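Have a look at run35.json; it's JSON, C-alpha atoms:
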[["chain", "number", "residue", "atom", "x", "y", "z"],
["A", 106, "MET", "CA", -77.92, 21.74, -79.11],
["A", 107, "SER", "CA", -78.80, 18.91, -76.76],
["A", 108, "THR", "CA", -76.89, 16.48, -78.97],
["A", 109, "GLU", "CA", -73.74, 18.62, -78.74],
["A", 110, "ILE", "CA", -74.05, 18.82, -74.98],
["A", 111, "GLY", "CA", -74.56, 15.07, -74.77],
["A", 112, "GLU", "CA", -71.52, 14.43, -76.93],
["A", 113, "THR", "CA", -69.46, 16.83, -74.84],
["A", 114, "LYS", "CA", -70.49, 15.05, -71.63],
["A", 115, "ASN", "CA", -69.61, 11.67, -73.11],
["A", 116, "GLU", "CA", -66.21, 12.96, -74.22],
["A", 117, "ILE", "CA", -65.52, 14.36, -70.77],
["A", 118, "GLU", "CA", -66.50, 11.09, -69.09],
["A", 119, "LYS", "CA", -64.26, 9.12, -71.46],
["A", 120, "LYS", "CA", -61.37, 11.50, -70.81],
["A", 121, "VAL", "CA", -61.78, 11.27, -67.03],
["A", 122, "LYS", "CA", -61.99, 7.48, -67.23],
["A", 123, "SER", "CA", -58.86, 7.26, -69.36],
["A", 124, "GLU", "CA", -56.98, 9.55, -66.94],
["A", 125, "ARG", "CA", -58.07, 7.42, -63.98],
["A", 126, "ASP", "CA", -56.96, 4.27, -65.77],
["A", 127, "HIS", "CA", -53.69, 6.00, -66.65],
["A", 128, "ILE", "CA", -53.03, 6.98, -63.03],
["A", 129, "GLY", "CA", -54.12, 3.59, -61.74],
["A", 130, "GLU", "CA", -51.71, 1.90, -64.13],
["A", 131, "TYR", "CA", -48.73, 3.70, -62.64],
["A", 132, "GLU", "CA", -49.94, 3.22, -59.09],
["A", 133, "GLU", "CA", -50.32, -0.51, -59.60],
["A", 134, "SER", "CA", -47.08, -1.08, -61.48],
["A", 135, "ASP", "CA", -45.04, 1.53, -59.54],
["A", 136, "LYS", "CA", -42.52, 1.57, -62.36],
["A", 137, "CYS", "CA", -41.21, 4.35, -64.56],
["A", 138, "PRO", "CA", -42.22, 3.81, -68.22],
["A", 139, "GLU", "CA", -38.94, 5.42, -69.36],
["A", 140, "CYS", "CA", -36.22, 3.69, -67.33],
["A", 141, "GLY", "CA", -38.17, 1.07, -65.39],
["A", 142, "GLY", "CA", -37.21, 2.60, -62.05],
["A", 143, "ILE", "CA", -39.32, 1.61, -59.07],
["A", 144, "LYS", "CA", -38.52, 4.59, -56.82],
["A", 145, "LEU", "CA", -41.29, 7.09, -57.57],
["A", 146, "ILE", "CA", -41.69, 10.37, -55.69],
["A", 147, "ARG", "CA", -45.22, 11.65, -55.05],
["A", 148, "ASP", "CA", -44.98, 15.43, -54.73],
["A", 149, "TYR", "CA", -48.42, 16.45, -53.48],
["A", 150, "GLU", "CA", -47.56, 20.14, -53.37],
["A", 151, "ARG", "CA", -46.83, 20.20, -57.12],
["A", 152, "ALA", "CA", -49.29, 17.39, -57.85],
["A", 153, "GLU", "CA", -46.62, 15.39, -59.68],
["A", 154, "LEU", "CA", -45.47, 11.79, -59.79],
["A", 155, "VAL", "CA", -41.73, 11.86, -60.54],
["A", 156, "CYS", "CA", -39.20, 9.09, -61.17],
["A", 157, "GLU", "CA", -36.28, 9.47, -58.79],
["A", 158, "LYS", "CA", -33.85, 7.80, -61.19],
["A", 159, "CYS", "CA", -34.39, 9.66, -64.49],
["A", 160, "GLY", "CA", -36.52, 12.61, -63.34],
["A", 161, "LEU", "CA", -39.43, 11.89, -65.66],
["A", 162, "VAL", "CA", -42.71, 13.49, -64.62],
["A", 163, "ILE", "CA", -45.01, 10.50, -65.01],
["A", 164, "ASP", "CA", -48.18, 12.27, -63.97],
["A", 165, "GLY", "CA", -48.92, 15.94, -63.32],
["A", 166, "ASP", "CA", -52.56, 15.88, -62.25],
["A", 167, "PHE", "CA", -52.45, 14.54, -58.72],
["A", 168, "ILE", "CA", -55.34, 15.57, -56.48],
["A", 169, "ASP", "CA", -54.16, 17.10, -53.22],
["A", 170, "THR", "CA", -56.38, 15.71, -50.46],
["A", 171, "GLY", "CA", -54.69, 17.79, -47.75],
["A", 172, "PRO", "CA", -56.09, 20.96, -46.12],
["A", 173, "ASP", "CA", -56.13, 24.24, -48.02],
["A", 174, "TRP", "CA", -54.31, 25.99, -45.16],
["A", 175, "ARG", "CA", -50.94, 25.72, -43.45],
["A", 176, "ALA", "CA", -50.16, 25.33, -39.77],
["A", 177, "PHE", "CA", -46.77, 25.51, -38.09],
["A", 178, "ASP", "CA", -47.58, 24.03, -34.68],
["A", 179, "SER", "CA", -50.22, 21.81, -33.07],
["A", 180, "GLU", "CA", -52.07, 24.74, -31.46],
["A", 181, "GLU", "CA", -52.46, 26.55, -34.79],
["A", 182, "ARG", "CA", -53.51, 23.32, -36.46],
["A", 183, "ASN", "CA", -56.27, 22.72, -33.89],
["A", 184, "LYS", "CA", -57.56, 26.28, -34.33],
["A", 185, "LYS", "CA", -57.78, 25.95, -38.11],
["A", 186, "MET", "CA", -59.37, 22.53, -38.22],
["A", 187, "ARG", "CA", -62.94, 22.59, -39.44],
["A", 188, "VAL", "CA", -64.06, 19.27, -37.98],
["A", 189, "GLY", "CA", -65.36, 18.42, -34.54],
["A", 190, "ALA", "CA", -63.95, 16.20, -31.84],
["A", 191, "PRO", "CA", -63.89, 12.42, -32.36],
["A", 192, "MET", "CA", -66.58, 10.18, -30.93],
["A", 193, "ASP", "CA", -66.30, 9.58, -27.22],
["A", 194, "ILE", "CA", -67.75, 6.28, -26.01],
["A", 195, "MET", "CA", -67.44, 7.48, -22.42],
["A", 196, "THR", "CA", -70.56, 9.59, -22.88],
["A", 197, "HIS", "CA", -74.05, 8.22, -23.47],
["A", 198, "ASP", "CA", -74.45, 10.00, -26.84],
["A", 199, "LYS", "CA", -70.81, 9.35, -27.87],
["A", 200, "GLY", "CA", -70.16, 13.10, -27.87],
["A", 201, "LEU", "CA", -72.30, 13.74, -30.95],
["A", 202, "SER", "CA", -74.87, 16.03, -29.31],
["A", 203, "THR", "CA", -74.63, 19.81, -29.05],
["A", 204, "ASN", "CA", -74.40, 21.98, -25.97],
["A", 205, "ILE", "CA", -75.70, 25.49, -25.35],
["A", 206, "GLY", "CA", -72.96, 27.56, -23.79],
["A", 207, "THR", "CA", -73.25, 29.46, -20.53],
["A", 208, "GLY", "CA", -71.45, 32.61, -21.69],
["A", 209, "THR", "CA", -72.95, 36.06, -21.13],
["A", 210, "ARG", "CA", -71.36, 37.79, -24.15],
["A", 211, "ASP", "CA", -72.05, 37.63, -27.86],
["A", 212, "SER", "CA", -69.57, 36.97, -30.68],
["A", 213, "ASN", "CA", -68.45, 40.60, -30.64],
["A", 214, "GLY", "CA", -67.71, 40.55, -26.91],
["A", 215, "ASN", "CA", -70.69, 42.67, -25.94],
["A", 216, "SER", "CA", -72.87, 41.77, -22.97],
["A", 217, "ILE", "CA", -76.22, 40.23, -23.87],
["A", 218, "SER", "CA", -79.44, 41.64, -22.50],
["A", 219, "SER", "CA", -81.29, 40.21, -19.51],
["A", 220, "ASN", "CA", -84.15, 39.06, -21.75],
["A", 221, "LYS", "CA", -81.75, 37.01, -23.87],
["A", 222, "LYS", "CA", -80.08, 35.59, -20.75],
["A", 223, "THR", "CA", -83.48, 34.36, -19.56],
["A", 224, "LYS", "CA", -84.22, 32.93, -23.00],
["A", 225, "PHE", "CA", -80.93, 31.04, -23.15],
["A", 226, "TYR", "CA", -81.47, 29.75, -19.62],
["A", 227, "ARG", "CA", -84.81, 28.25, -20.67],
["A", 228, "LEU", "CA", -83.23, 26.81, -23.83],
["A", 229, "ARG", "CA", -80.47, 25.13, -21.83],
["A", 230, "LYS", "CA", -83.02, 23.68, -19.43],
["A", 231, "TRP", "CA", -85.17, 22.27, -22.28],
["A", 232, "HIS", "CA", -82.06, 21.02, -24.03],
["A", 233, "ARG", "CA", -80.92, 19.08, -20.94],
["A", 234, "GLN", "CA", -84.35, 17.53, -20.54],
["A", 235, "SER", "CA", -84.56, 16.52, -24.21],
["A", 236, "LYS", "CA", -81.14, 14.85, -24.26],
["A", 237, "PHE", "CA", -82.53, 11.56, -22.98],
["A", 238, "SER", "CA", -85.15, 9.83, -25.09],
["A", 239, "ASP", "CA", -86.04, 7.24, -22.43],
["A", 240, "SER", "CA", -85.09, 5.89, -19.01],
["A", 241, "LYS", "CA", -82.49, 3.50, -20.48],
["A", 242, "GLU", "CA", -80.55, 6.37, -21.99],
["A", 243, "ARG", "CA", -80.78, 8.31, -18.74],
["A", 244, "ASP", "CA", -79.48, 5.33, -16.76],
["A", 245, "LEU", "CA", -76.65, 4.88, -19.28],
["A", 246, "ALA", "CA", -75.60, 8.52, -18.84],
["A", 247, "LEU", "CA", -75.68, 8.08, -15.05],
["A", 248, "ALA", "CA", -73.63, 4.87, -15.22],
["A", 249, "LEU", "CA", -70.99, 6.30, -17.55],
["A", 250, "GLY", "CA", -70.67, 9.36, -15.33],
["A", 251, "GLU", "CA", -70.08, 7.07, -12.36],
["A", 252, "LEU", "CA", -67.56, 5.09, -14.43],
["A", 253, "ASN", "CA", -65.63, 8.28, -15.24],
["A", 254, "ARG", "CA", -65.55, 9.22, -11.57],
["A", 255, "MET", "CA", -64.28, 5.81, -10.43],
["A", 256, "ALA", "CA", -61.65, 5.60, -13.19],
["A", 257, "SER", "CA", -60.35, 9.04, -12.24],
["A", 258, "GLN", "CA", -60.25, 8.16, -8.54],
["A", 259, "LEU", "CA", -58.37, 4.90, -9.19],
["A", 260, "ASN", "CA", -55.95, 6.46, -11.74],
["A", 261, "ILE", "CA", -57.05, 4.05, -14.45],
["A", 262, "PRO", "CA", -55.91, 4.81, -18.04],
["A", 263, "LYS", "CA", -58.52, 6.06, -20.48],
["A", 264, "SER", "CA", -58.16, 3.03, -22.76],
["A", 265, "VAL", "CA", -59.12, 0.74, -19.86],
["A", 266, "SER", "CA", -62.13, 2.84, -18.87],
["A", 267, "GLU", "CA", -63.24, 2.89, -22.54],
["A", 268, "ASP", "CA", -63.14, -0.92, -22.60],
["A", 269, "ALA", "CA", -65.21, -0.92, -19.40],
["A", 270, "SER", "CA", -67.78, 1.40, -21.01],
["A", 271, "MET", "CA", -68.09, -0.97, -23.98],
["A", 272, "ILE", "CA", -68.76, -3.88, -21.62],
["A", 273, "TYR", "CA", -71.37, -1.83, -19.78],
["A", 274, "ARG", "CA", -73.10, -0.92, -23.05],
["A", 275, "LYS", "CA", -73.32, -4.64, -23.86],
["A", 276, "ILE", "CA", -74.93, -5.57, -20.57],
["A", 277, "ALA", "CA", -77.27, -2.56, -20.82],
["A", 278, "GLU", "CA", -78.41, -3.68, -24.30],
["A", 279, "LYS", "CA", -79.09, -7.17, -22.96],
["A", 280, "GLY", "CA", -81.10, -5.77, -20.06],
["A", 281, "LEU", "CA", -78.78, -7.23, -17.40],
["A", 282, "VAL", "CA", -78.71, -4.01, -15.37],
["A", 283, "LYS", "CA", -82.44, -3.95, -14.65],
["A", 284, "GLY", "CA", -83.17, -4.44, -10.96],
["A", 285, "ARG", "CA", -79.51, -4.25, -9.94],
["A", 286, "SER", "CA", -77.32, -1.58, -8.40],
["A", 287, "ILE", "CA", -75.74, 0.64, -11.05],
["A", 288, "GLU", "CA", -72.71, 1.26, -8.80],
["A", 289, "ALA", "CA", -72.10, -2.47, -8.37],
["A", 290, "MET", "CA", -72.44, -3.15, -12.12],
["A", 291, "VAL", "CA", -70.13, -0.26, -13.01],
["A", 292, "GLY", "CA", -67.57, -1.43, -10.45],
["A", 293, "SER", "CA", -67.68, -4.98, -11.80],
["A", 294, "VAL", "CA", -67.18, -3.96, -15.46],
["A", 295, "LEU", "CA", -64.27, -1.75, -14.39],
["A", 296, "TYR", "CA", -62.78, -4.68, -12.47],
["A", 297, "ILE", "CA", -63.16, -6.93, -15.55],
["A", 298, "SER", "CA", -61.57, -4.34, -17.85],
["A", 299, "CYS", "CA", -58.62, -3.88, -15.50],
["A", 300, "ARG", "CA", -58.05, -7.63, -15.36],
["A", 301, "GLN", "CA", -58.27, -7.95, -19.15],
["A", 302, "ASN", "CA", -55.73, -5.15, -19.68],
["A", 303, "LYS", "CA", -53.36, -6.52, -17.02],
["A", 304, "ILE", "CA", -53.73, -3.38, -14.87],
["A", 305, "PRO", "CA", -55.47, -5.10, -11.96],
["A", 306, "ARG", "CA", -57.19, -3.36, -9.11],
["A", 307, "THR", "CA", -58.26, -5.27, -6.03],
["A", 308, "LEU", "CA", -61.90, -5.80, -5.15],
["A", 309, "ASP", "CA", -61.34, -3.72, -2.02],
["A", 310, "GLU", "CA", -60.15, -0.75, -4.09],
["A", 311, "ILE", "CA", -63.07, -1.08, -6.50],
["A", 312, "SER", "CA", -65.47, -1.46, -3.57],
["A", 313, "ASP", "CA", -64.21, 1.67, -1.80],
["A", 314, "SER", "CA", -64.48, 3.70, -5.00],
["A", 315, "ALA", "CA", -67.95, 2.38, -5.91],
["A", 316, "ARG", "CA", -69.18, 2.82, -2.33],
["A", 317, "VAL", "CA", -70.73, -0.66, -2.29],
["A", 318, "SER", "CA", -69.65, -3.81, -0.49],
["A", 319, "ARG", "CA", -67.00, -6.14, -1.86],
["A", 320, "LYS", "CA", -69.52, -8.99, -1.75],
["A", 321, "GLU", "CA", -71.92, -7.09, -4.00],
["A", 322, "ILE", "CA", -69.14, -6.27, -6.50],
["A", 323, "GLY", "CA", -68.08, -9.91, -6.61],
["A", 324, "ARG", "CA", -71.66, -11.11, -7.13],
["A", 325, "ALA", "CA", -72.17, -8.64, -10.02],
["A", 326, "TYR", "CA", -68.82, -9.62, -11.55],
["A", 327, "ARG", "CA", -69.68, -13.33, -11.57],
["A", 328, "TYR", "CA", -73.11, -12.59, -13.05],
["A", 329, "ILE", "CA", -71.68, -10.47, -15.90],
["A", 330, "ALA", "CA", -68.89, -12.95, -16.62],
["A", 331, "SER", "CA", -71.36, -15.84, -16.91],
["A", 332, "GLU", "CA", -73.86, -13.92, -19.07],
["A", 333, "LEU", "CA", -71.24, -12.55, -21.50],
["A", 334, "GLY", "CA", -69.06, -15.67, -21.48],
["A", 335, "ILE", "CA", -66.01, -13.80, -20.16],
["A", 336, "MET", "CA", -63.18, -16.06, -19.00],
["A", 337, "LEU", "CA", -60.55, -14.23, -16.97],
["A", 338, "GLN", "CA", -57.22, -15.72, -16.03],
["A", 339, "PRO", "CA", -56.25, -15.37, -12.36],
["A", 340, "ALA", "CA", -54.29, -12.20, -11.66],
["A", 341, "LYS", "CA", -50.54, -12.70, -11.32],
["A", 342, "PRO", "CA", -48.64, -11.20, -8.35],
["A", 343, "GLU", "CA", -46.13, -9.61, -10.75],
["A", 344, "GLU", "CA", -48.88, -7.39, -12.18],
["A", 345, "TYR", "CA", -49.26, -5.60, -8.84],
["A", 346, "VAL", "CA", -45.54, -5.01, -8.27],
["A", 347, "PRO", "CA", -45.02, -1.78, -10.30],
["A", 348, "ARG", "CA", -47.95, 0.01, -8.63],
["A", 349, "PHE", "CA", -47.04, -1.09, -5.10],
["A", 350, "CYS", "CA", -43.38, -0.14, -5.61],
["A", 351, "SER", "CA", -44.44, 3.28, -6.87],
["A", 352, "GLN", "CA", -46.62, 3.84, -3.80],
["A", 353, "LEU", "CA", -43.71, 2.86, -1.55],
["A", 354, "GLY", "CA", -41.21, 5.07, -3.42],
["A", 355, "LEU", "CA", -38.95, 2.14, -4.35],
["A", 356, "THR", "CA", -36.55, 2.13, -7.29],
["A", 357, "ASN", "CA", -36.64, -0.04, -10.41],
["A", 358, "LYS", "CA", -33.91, -2.18, -8.88],
["A", 359, "VAL", "CA", -36.29, -3.32, -6.14],
["A", 360, "GLN", "CA", -39.10, -3.82, -8.67],
["A", 361, "PHE", "CA", -36.97, -6.08, -10.90],
["A", 362, "LYS", "CA", -35.72, -8.04, -7.88],
["A", 363, "ALA", "CA", -39.30, -8.54, -6.61],
["A", 364, "GLU", "CA", -40.46, -9.71, -10.06],
["A", 365, "GLU", "CA", -37.55, -12.16, -10.18],
["A", 366, "ILE", "CA", -38.48, -13.59, -6.76],
["A", 367, "LEU", "CA", -42.15, -13.92, -7.74],
["A", 368, "LYS", "CA", -41.20, -15.63, -10.99],
["A", 369, "GLN", "CA", -39.24, -18.25, -9.05],
["A", 370, "ALA", "CA", -42.17, -18.67, -6.68],
["A", 371, "SER", "CA", -44.55, -19.14, -9.61],
["A", 372, "GLU", "CA", -42.30, -21.80, -11.16],
["A", 373, "LYS", "CA", -42.46, -23.75, -7.88],
["A", 374, "GLU", "CA", -46.25, -23.23, -7.73],
["A", 375, "LEU", "CA", -46.05, -21.30, -4.49],
["A", 376, "THR", "CA", -48.49, -18.65, -5.74],
["A", 377, "SER", "CA", -51.40, -20.89, -6.69],
["A", 378, "GLY", "CA", -54.39, -20.63, -4.37],
["A", 379, "ARG", "CA", -52.96, -17.54, -2.63],
["A", 380, "ASP", "CA", -54.06, -13.95, -2.75],
["A", 381, "PRO", "CA", -51.84, -12.35, -5.44],
["A", 382, "THR", "CA", -51.64, -9.03, -3.59],
["A", 383, "SER", "CA", -50.26, -10.64, -0.44],
["A", 384, "ILE", "CA", -47.70, -12.64, -2.45],
["A", 385, "ALA", "CA", -46.69, -9.46, -4.30],
["A", 386, "ALA", "CA", -46.32, -7.62, -0.99],
["A", 387, "ALA", "CA", -44.11, -10.40, 0.40],
["A", 388, "GLY", "CA", -41.91, -10.34, -2.72],
["A", 389, "ILE", "CA", -41.55, -6.55, -2.50],
["A", 390, "TYR", "CA", -40.66, -6.71, 1.19],
["A", 391, "ILE", "CA", -37.93, -9.30, 0.54],
["A", 392, "ALA", "CA", -36.58, -7.32, -2.43],
["A", 393, "SER", "CA", -36.54, -4.05, -0.46],
["A", 394, "VAL", "CA", -34.44, -5.67, 2.28],
["A", 395, "LYS", "CA", -32.10, -7.32, -0.22],
["A", 396, "CYS", "CA", -31.56, -4.10, -2.16],
["A", 397, "GLY", "CA", -30.96, -1.93, 0.89],
["A", 398, "GLU", "CA", -34.22, 0.04, 0.53],
["A", 399, "LYS", "CA", -36.08, -1.60, 3.37],
["A", 400, "ARG", "CA", -39.70, -0.69, 3.99],
["A", 401, "SER", "CA", -41.51, -1.83, 7.12],
["A", 402, "GLN", "CA", -44.04, -4.64, 6.91],
["A", 403, "LYS", "CA", -46.73, -2.20, 7.96],
["A", 404, "LYS", "CA", -46.03, 0.17, 5.04],
["A", 405, "VAL", "CA", -45.92, -2.71, 2.57],
["A", 406, "ALA", "CA", -49.15, -4.14, 3.96],
["A", 407, "ASN", "CA", -50.89, -0.75, 3.70],
["A", 408, "ALA", "CA", -49.79, -0.35, 0.08],
["A", 409, "ALA", "CA", -51.15, -3.80, -0.77],
["A", 410, "SER", "CA", -54.34, -3.36, 1.32],
["A", 411, "THR", "CA", -53.55, -6.40, 3.43],
["A", 412, "THR", "CA", -52.37, -7.08, 6.99],
["A", 413, "GLU", "CA", -48.90, -7.24, 8.53],
["A", 414, "VAL", "CA", -49.52, -10.80, 9.67],
["A", 415, "THR", "CA", -50.31, -11.90, 6.12],
["A", 416, "VAL", "CA", -47.18, -10.22, 4.73],
["A", 417, "ARG", "CA", -45.06, -11.82, 7.47],
["A", 418, "ASN", "CA", -46.45, -15.30, 6.85],
["A", 419, "ARG", "CA", -46.07, -15.07, 3.07],
["A", 420, "TYR", "CA", -42.53, -13.73, 3.12],
["A", 421, "GLN", "CA", -41.44, -16.43, 5.57],
["A", 422, "GLU", "CA", -42.93, -19.08, 3.26],
["A", 423, "LEU", "CA", -41.10, -17.64, 0.25],
["A", 424, "CYS", "CA", -37.80, -17.45, 2.13],
["A", 425, "GLU", "CA", -38.14, -21.04, 3.29],
["A", 426, "GLU", "CA", -39.14, -22.52, -0.07],
["A", 427, "LEU", "CA", -36.72, -20.45, -2.19],
["A", 428, "ASN", "CA", -33.80, -20.68, 0.29],
["A", 429, "ILE", "CA", -33.57, -16.91, 0.72],
["A", 430, "GLU", "CA", -31.57, -15.66, 3.68],
["A", 431, "MET", "CA", -32.96, -12.53, 5.32],
["A", 432, "ASN", "CA", -31.02, -10.26, 7.67],
["A", 433, "VAL", "CA", -33.84, -8.26, 9.24],
["A", 434, "ASN", "CA", -32.63, -6.03, 12.05]]
Starting from the coordinates I provided, produce the structure as C-alpha cells.
Amino acid sequence: MSTEIGETKNEIEKKVKSERDHIGEYEESDKCPECGGIKLIRDYERAELVCEKCGLVIDGDFIDTGPDWRAFDSEERNKKMRVGAPMDIMTHDKGLSTNIGTGTRDSNGNSISSNKKTKFYRLRKWHRQSKFSDSKERDLALALGELNRMASQLNIPKSVSEDASMIYRKIAEKGLVKGRSIEAMVGSVLYISCRQNKIPRTLDEISDSARVSRKEIGRAYRYIASELGIMLQPAKPEEYVPRFCSQLGLTNKVQFKAEEILKQASEKELTSGRDPTSIAAAGIYIASVKCGEKRSQKKVANAASTTEVTVRNRYQELCEELNIEMNVN
C-alpha cells in the first residue's frame, strides 16, 4: 500500500514538473507552436493562453492570482480587501502595532456594560504603556509626532516628511540625538529633506514651526550634515518663486517672468553669495510690475520673510545689471 502511494506521489510530482516546464517554455519563447505568432493573449478569467493570430489555446491551466471577489468602485474594493494598511515610516512602529478602540458598542450595536468599559479602559492604558520597549523608542515616537506636526504646519508633502523621518531614524540609530534638543534635530532633518527634494523652506520658517531659535536649527543641521556626510547644494532663488507667487496671488505669467529674470541673473553670477529668498522676492517684484500685476514691496517682503529695504536694494541691483527699465508709480 505504501509503495502504491509512493508511486502515486512520484507520478504527481513528475506531472506537475512537466506542466511547469511546459508553461515556462511558452512564457520564455512567447511564440505560438502552431503558427509562430508572437501576440499571445493571457485570459486570466478563463485561465487560458491564446494565440491572437490563429486562436490556438496554448495552455488552459493558468493560475488566477487575483482576488476571489469582484468590486466595481474603489470604496467597495477597500471594504472587501482582507489585508491591512501598508507600513508607515512616519510612526515609530511603522504602523504594525494594534490599537484597542474606544467604542462603547459591541459588534451587534448593543451597548457594553460598565464593567466591560472599565476593563477595556485598563487594557487601553496597559497597551499604551507597553508600546514602547525602552526610552529610545519613546523618544522616536515623540520626535516623529513633532515631525508630523511641523510638516502639516508648513504644508510639506508627505514624501518629503517621509524622507525626513528616514534621516531622523539614521541619526537616532547612531546616537546623535542624545543630549540635544529633539525639536532642533527634527527641524534640521526637515530642512535637509526639503532642500534635497527642491521644496526649500527658510530657516526662519523652520525655526518658527519648531519653536527653537534659528541659530540652534543651523547648528543641528551642520552637525547632522557632517556626521552623515550630506552635501547639499545651495538653494536656488527659482525654487522659492512658485510658493511666493502663490502666497501673493500672482498668475503663472508673473511666475514664468520672474524665473526668466532670475535665470539671467544666475548666468551673470548676480545670485552667488546672496540670500536666495531676497533675490527671489526682487525677481517677483520686477515681474509683477512688468506684467501689470504689481504687488507692493511690503507684501513681497512679507511673503519672502525679509525686509522692504532688502527687496528694494536687490531689485535695484537686478535692474541695473540686467538693464531692466522699471516704471514704478
Give me the residues within 7 Å of region 295-299 of chain A as a PyMOL selection string, counting only C-alpha atoms and dropping any in the same chain fewer than 2 places off. chain A and resi 265-266+268-269+291-293+301-306+311
From CA of Ala406 (chain A) to CA of Val294 (chain A) the spacing works out at 26.5 Å
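Taking all atoms listed in the file, the non-local environment of region 358-368 of chain A within 6 Å (same-chain residues fewer than 3 positions away omitted) comprises Glu343, Ser371, Gly388, Ile389, Ala392 and Ser393 of chain A.
For the pair CA of Glu344 (chain A) and CA of Ile287 (chain A), the separation is 28.1 Å.
Near Lys144 (chain A), within 7 Å and counting all atoms listed in the file, sit Gly142, Ile146, Cys156 and Glu157 of chain A, not including residues fewer than 2 positions from it in the same chain.
As for CA of Glu251 (chain A) and CA of Tyr273 (chain A), they are spaced 11.7 Å apart.
Remark: for Gly160 (chain A), the closest of the candidate residues A:Glu430, A:Glu242, A:Glu181, A:Glu139 is A:Glu139 (distances computed over only C-alpha atoms).
With only C-alpha atoms as the atoms that count, the residue of A:Arg400, A:Lys199, A:Arg348, A:Lys341 with the shortest distance to Pro381 (chain A) is A:Lys341.
Compared by their closest atoms to Gly284 (chain A), and using all atoms listed in the file, the residues A:Arg151, A:Ser257, A:Ser312, A:Ala325 rank with A:Ala325 nearest.
Of the listed residues A:Lys230, A:Ala289, A:Asp244, A:Thr196, the one whose atoms come nearest to Glu267 (chain A) is A:Thr196, with distances taken using all atoms listed in the file.
Of the listed residues (A:Gln369, A:Arg254, A:Val317, A:Asn204), A:Asn204 comes nearest to Arg229 (chain A); the distances count only C-alpha atoms.
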Distance query 9 Å from (-74.6, 24.0, -25.0) using all atoms listed in the file, result as an mmCIF file with C-alpha atoms, keeping the file's coordinate frame:
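Generated file (point-v9.cif):
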data_model
loop_
_atom_site.group_PDB
_atom_site.id
_atom_site.type_symbol
_atom_site.label_atom_id
_atom_site.label_comp_id
_atom_site.auth_asym_id
_atom_site.auth_seq_id
_atom_site.Cartn_x
_atom_site.Cartn_y
_atom_site.Cartn_z
ATOM 1 C CA THR A 203 -74.630 19.810 -29.050
ATOM 2 C CA ASN A 204 -74.400 21.980 -25.970
ATOM 3 C CA ILE A 205 -75.700 25.490 -25.350
ATOM 4 C CA GLY A 206 -72.960 27.560 -23.790
ATOM 5 C CA THR A 207 -73.250 29.460 -20.530
ATOM 6 C CA ARG A 229 -80.470 25.130 -21.830
ATOM 7 C CA HIS A 232 -82.060 21.020 -24.030
ATOM 8 C CA ARG A 233 -80.920 19.080 -20.940
#
I'd like the contact shell of Arg419 (chain A) - 10 Å cut-off, only C-alpha atoms, skipping same-chain residues fewer than 6 positions apart - returned as a ChimeraX atom specification. /A:375-376,379-380,383-388,413,425
Completion step: region 207-218 of chain A with N, CA and C atoms as a CSV table (one decimal), keeping the file's coordinate frame:
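After the write, part_7.csv holds the following:
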chain,number,residue,atom,x,y,z
A,207,THR,N,-72.8,28.7,-21.7
A,207,THR,CA,-73.2,29.5,-20.5
A,207,THR,C,-72.7,30.9,-20.5
A,208,GLY,N,-72.0,31.3,-21.6
A,208,GLY,CA,-71.4,32.6,-21.7
A,208,GLY,C,-72.5,33.7,-21.6
A,209,THR,N,-72.0,34.9,-21.2
A,209,THR,CA,-73.0,36.1,-21.1
A,209,THR,C,-72.6,37.1,-22.1
A,210,ARG,N,-71.7,36.8,-23.1
A,210,ARG,CA,-71.4,37.8,-24.2
A,210,ARG,C,-71.6,37.2,-25.5
A,211,ASP,N,-71.8,38.1,-26.5
A,211,ASP,CA,-72.0,37.6,-27.9
A,211,ASP,C,-70.7,37.5,-28.6
A,212,SER,N,-70.8,37.2,-29.9
A,212,SER,CA,-69.6,37.0,-30.7
A,212,SER,C,-68.7,38.2,-30.8
A,213,ASN,N,-69.2,39.4,-30.6
A,213,ASN,CA,-68.4,40.6,-30.6
A,213,ASN,C,-67.9,41.0,-29.3
A,214,GLY,N,-68.2,40.2,-28.2
A,214,GLY,CA,-67.7,40.6,-26.9
A,214,GLY,C,-68.6,41.5,-26.1
A,215,ASN,N,-69.8,41.8,-26.7
A,215,ASN,CA,-70.7,42.7,-25.9
A,215,ASN,C,-71.6,41.9,-25.0
A,216,SER,N,-72.0,42.4,-23.9
A,216,SER,CA,-72.9,41.8,-23.0
A,216,SER,C,-74.3,41.6,-23.6
A,217,ILE,N,-74.9,40.4,-23.4
A,217,ILE,CA,-76.2,40.2,-23.9
A,217,ILE,C,-77.2,40.7,-22.9
A,218,SER,N,-78.4,41.1,-23.4
A,218,SER,CA,-79.4,41.6,-22.5
A,218,SER,C,-80.0,40.6,-21.5
